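*Asks:* If you scroll down you'll find the structure; I have some questions about it.
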Amino acid sequence: MMFFNIFNKSKLPSQEIVFLHVPKTGGSTFVGLLKDSIKISNEQRKQPSHIIDQIGDVQVKHIDFTTVERKFQFPELFKVQKDLTLTKNLKIFMLIRNPIDRMISEFNFQYHMLKGKDGNKNAAIISKLKPTPDSLKAYVNFPHTQNYQVKFLLGRKIADPSPVKLEEFNRVLSVIDNMPIYCGLTEDYSNFLSLFQIKTGIKLKKKIIVRKKTPLELKLEPTKEIEDEILARNKYDQKLYEFVKNKLKEGSGAVNSNYNYNDDGGFVV
């Protein structure tokens, strides 16, 4: 039996809570909301949402920014099948996003906001693509950008061009089902926040500050052709999205949403 101690703590909390921060799914906004809702030190409050790894009893597992490979901080979760023993009262949460919306958001963030179009190395994905794509269509065609949600969970390095294997994908679904991992969709943000409150007892503030939001002037309206191309090249991300969506439908009666996020014209992140 294998045991992975993923917790670094000086005292034993009443429960263990982990948020898996999948890039460009609205995770920074959620982490920011946790920082605003849970009492933390001033030093912690100053930590950026993509760097902070502990907020009260909640651990955040995101990209490991200390390495150039920028892998997922908790890949062992999806590398095992049945030999992982974790704390009994562990609760894991994760947001997944429609691959069309996520891909558009990622391109805007990499190309415009991180200035990948100007050759900025901080745009860690687009800086690895040669020649530098100058459009969403060109970006989508690089295998380095495809199925990133699944690749991230598998612990792949950033901009990994290697395709996802069917057995790897099935293992991800199996772990989500068997842990279980409480999933939400970016498009149904209020329901995810409600689920988190109900399962953890942590009261979240109603006021939300959207982090890393794409400026409206940069918001893309893709053609049907590009949407179809994104879906065709991101079939595992799409299958993951559909899997989570179906799970939420099946369990919709178990959670009554009591959290209302007032959308201010589109959750564009």
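Residues are referred to by chain and number: the chain letter is A, B, ... according to the order shown in the structure tokens, the number counts from 1 in that chain, and ligands are numbered separately from 1 in the order shown.
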May I have all residues of segment 107-211 of chain A that DSSP, computed from the backbone, assigns to strand (DSSP E or B), given as a list in words?
*Replies:*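 These are the residues in question: Ile181, Tyr182, Cys183, Gly184 and Leu185 of chain A.
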*Asks:* Within 12 Å of Ala124 of chain A, counting only C-alpha atoms, which residues show up once you throw out same-chain ones fewer than 2 positions away? Write them as an MDAnalysis selection string, please.
*Replies:* chainID A and resid 63 65 67:71 106:107 109:111 114:117 119:122 126:129 144:145 157:160
*Asks:* Can you list, as a ChimeraX atom specification, all residues belonging to segment 40-136 of chain A that DSSP tags as helix (DSSP H, G or I)?
*Replies:* /A:42-45,76-79,99-113,116-118,126-128,136
*Asks:* Keeping N, CA and C atoms for every residue in the selection just given, could you write it to a file as a PDB file, in the first residue's frame?
*Replies:*
ATOM      1  N   ASN A  42      -1.167  38.775   6.814  1.00  0.00           N
ATOM      2  CA  ASN A  42      -0.914  39.802   5.798  1.00  0.00           C
ATOM      3  C   ASN A  42       0.101  39.314   4.774  1.00  0.00           C
ATOM      4  N   GLU A  43       1.048  38.525   5.246  1.00  0.00           N
ATOM      5  CA  GLU A  43       2.059  37.977   4.337  1.00  0.00           C
ATOM      6  C   GLU A  43       1.426  37.049   3.314  1.00  0.00           C
ATOM      7  N   GLN A  44       0.489  36.202   3.778  1.00  0.00           N
ATOM      8  CA  GLN A  44      -0.219  35.312   2.860  1.00  0.00           C
ATOM      9  C   GLN A  44      -1.086  36.108   1.896  1.00  0.00           C
ATOM     10  N   ARG A  45      -1.724  37.155   2.418  1.00  0.00           N
ATOM     11  CA  ARG A  45      -2.623  37.958   1.588  1.00  0.00           C
ATOM     12  C   ARG A  45      -1.886  38.590   0.409  1.00  0.00           C
ATOM     13  N   GLU A  76       0.956  12.772  -8.517  1.00  0.00           N
ATOM     14  CA  GLU A  76       0.808  11.399  -8.027  1.00  0.00           C
ATOM     15  C   GLU A  76      -0.651  11.002  -7.850  1.00  0.00           C
ATOM     16  N   LEU A  77      -1.529  11.972  -7.711  1.00  0.00           N
ATOM     17  CA  LEU A  77      -2.949  11.673  -7.539  1.00  0.00           C
ATOM     18  C   LEU A  77      -3.510  10.922  -8.746  1.00  0.00           C
ATOM     19  N   PHE A  78      -3.035  11.270  -9.939  1.00  0.00           N
ATOM     20  CA  PHE A  78      -3.567  10.660 -11.155  1.00  0.00           C
ATOM     21  C   PHE A  78      -2.623   9.633 -11.780  1.00  0.00           C
ATOM     22  N   LYS A  79      -1.527   9.342 -11.089  1.00  0.00           N
ATOM     23  CA  LYS A  79      -0.589   8.349 -11.607  1.00  0.00           C
ATOM     24  C   LYS A  79      -0.812   6.976 -10.994  1.00  0.00           C
ATOM     25  N   PRO A  99     -13.546  23.328 -23.465  1.00  0.00           N
ATOM     26  CA  PRO A  99     -12.248  23.530 -24.120  1.00  0.00           C
ATOM     27  C   PRO A  99     -12.218  24.683 -25.118  1.00  0.00           C
ATOM     28  N   ILE A 100     -13.364  25.030 -25.705  1.00  0.00           N
ATOM     29  CA  ILE A 100     -13.386  26.172 -26.625  1.00  0.00           C
ATOM     30  C   ILE A 100     -13.119  27.458 -25.857  1.00  0.00           C
ATOM     31  N   ASP A 101     -13.880  27.671 -24.783  1.00  0.00           N
ATOM     32  CA  ASP A 101     -13.698  28.883 -23.977  1.00  0.00           C
ATOM     33  C   ASP A 101     -12.312  28.926 -23.342  1.00  0.00           C
ATOM     34  N   ARG A 102     -11.841  27.764 -22.880  1.00  0.00           N
ATOM     35  CA  ARG A 102     -10.540  27.740 -22.212  1.00  0.00           C
ATOM     36  C   ARG A 102      -9.408  28.043 -23.191  1.00  0.00           C
ATOM     37  N   MET A 103      -9.484  27.488 -24.388  1.00  0.00           N
ATOM     38  CA  MET A 103      -8.444  27.707 -25.385  1.00  0.00           C
ATOM     39  C   MET A 103      -8.387  29.178 -25.800  1.00  0.00           C
ATOM     40  N   ILE A 104      -9.548  29.794 -25.977  1.00  0.00           N
ATOM     41  CA  ILE A 104      -9.589  31.223 -26.330  1.00  0.00           C
ATOM     42  C   ILE A 104      -8.973  32.050 -25.212  1.00  0.00           C
ATOM     43  N   SER A 105      -9.350  31.739 -23.986  1.00  0.00           N
ATOM     44  CA  SER A 105      -8.827  32.457 -22.824  1.00  0.00           C
ATOM     45  C   SER A 105      -7.313  32.305 -22.730  1.00  0.00           C
ATOM     46  N   GLU A 106      -6.831  31.087 -22.938  1.00  0.00           N
ATOM     47  CA  GLU A 106      -5.391  30.839 -22.839  1.00  0.00           C
ATOM     48  C   GLU A 106      -4.627  31.586 -23.929  1.00  0.00           C
ATOM     49  N   PHE A 107      -5.149  31.572 -25.152  1.00  0.00           N
ATOM     50  CA  PHE A 107      -4.481  32.290 -26.238  1.00  0.00           C
ATOM     51  C   PHE A 107      -4.403  33.779 -25.924  1.00  0.00           C
ATOM     52  N   ASN A 108      -5.519  34.371 -25.506  1.00  0.00           N
ATOM     53  CA  ASN A 108      -5.528  35.792 -25.161  1.00  0.00           C
ATOM     54  C   ASN A 108      -4.524  36.104 -24.062  1.00  0.00           C
ATOM     55  N   PHE A 109      -4.487  35.241 -23.044  1.00  0.00           N
ATOM     56  CA  PHE A 109      -3.597  35.454 -21.910  1.00  0.00           C
ATOM     57  C   PHE A 109      -2.134  35.347 -22.349  1.00  0.00           C
ATOM     58  N   GLN A 110      -1.818  34.319 -23.128  1.00  0.00           N
ATOM     59  CA  GLN A 110      -0.445  34.104 -23.577  1.00  0.00           C
ATOM     60  C   GLN A 110      -0.009  35.161 -24.597  1.00  0.00           C
ATOM     61  N   TYR A 111      -0.853  35.450 -25.549  1.00  0.00           N
ATOM     62  CA  TYR A 111      -0.480  36.305 -26.677  1.00  0.00           C
ATOM     63  C   TYR A 111      -0.516  37.789 -26.321  1.00  0.00           C
ATOM     64  N   HIS A 112      -1.597  38.205 -25.654  1.00  0.00           N
ATOM     65  CA  HIS A 112      -1.780  39.628 -25.368  1.00  0.00           C
ATOM     66  C   HIS A 112      -1.315  40.009 -23.959  1.00  0.00           C
ATOM     67  N   MET A 113      -1.908  39.383 -22.938  1.00  0.00           N
ATOM     68  CA  MET A 113      -1.691  39.836 -21.563  1.00  0.00           C
ATOM     69  C   MET A 113      -0.278  39.553 -21.066  1.00  0.00           C
ATOM     70  N   GLY A 116       3.192  37.536 -25.240  1.00  0.00           N
ATOM     71  CA  GLY A 116       3.877  36.521 -26.025  1.00  0.00           C
ATOM     72  C   GLY A 116       4.106  36.970 -27.456  1.00  0.00           C
ATOM     73  N   LYS A 117       3.239  37.848 -27.955  1.00  0.00           N
ATOM     74  CA  LYS A 117       3.395  38.362 -29.327  1.00  0.00           C
ATOM     75  C   LYS A 117       4.681  39.165 -29.479  1.00  0.00           C
ATOM     76  N   ASP A 118       5.202  39.663 -28.354  1.00  0.00           N
ATOM     77  CA  ASP A 118       6.440  40.444 -28.372  1.00  0.00           C
ATOM     78  C   ASP A 118       7.658  39.614 -27.983  1.00  0.00           C
ATOM     79  N   ILE A 126       3.382  29.952 -25.291  1.00  0.00           N
ATOM     80  CA  ILE A 126       3.539  30.490 -26.642  1.00  0.00           C
ATOM     81  C   ILE A 126       5.004  30.733 -26.991  1.00  0.00           C
ATOM     82  N   SER A 127       5.836  30.958 -25.979  1.00  0.00           N
ATOM     83  CA  SER A 127       7.260  31.192 -26.240  1.00  0.00           C
ATOM     84  C   SER A 127       7.959  29.929 -26.735  1.00  0.00           C
ATOM     85  N   LYS A 128       7.319  28.776 -26.541  1.00  0.00           N
ATOM     86  CA  LYS A 128       7.897  27.505 -26.985  1.00  0.00           C
ATOM     87  C   LYS A 128       7.406  27.095 -28.369  1.00  0.00           C
ATOM     88  N   LEU A 136      -5.532  32.802 -33.207  1.00  0.00           N
ATOM     89  CA  LEU A 136      -6.078  31.665 -32.473  1.00  0.00           C
ATOM     90  C   LEU A 136      -6.012  30.402 -33.316  1.00  0.00           C
TER      91      LEU A 136
END
*Asks:* A:Ile38, A:Ala232, A:Met94, A:Val31: which is nearest Ile51 of chain A, counting only C-alpha atoms?
*Replies:* A:Val31
*Asks:* Smallest atom-to-atom distance to Leu154 of chain A: which of A:Leu204, A:Ser135, A:Phe72, A:Gln47, using only C-alpha atoms?
*Replies:* A:Phe72
*Asks:* Please determine, counting only C-alpha atoms, which residue among A:Asn98, A:Ser49, A:Asn141, A:Ser162 has the shortest atom-to-atom distance to Leu33 of chain A.
*Replies:* A:Ser49
*Asks:* Work out how far apart atom CA of Leu231 of chain A and atom CA of Cys183 of chain A are and give it in Å to one decimal.
*Replies:*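 If I compute the distance from atom CA of Leu231 of chain A to atom CA of Cys183 of chain A, I get 20.9 Å.
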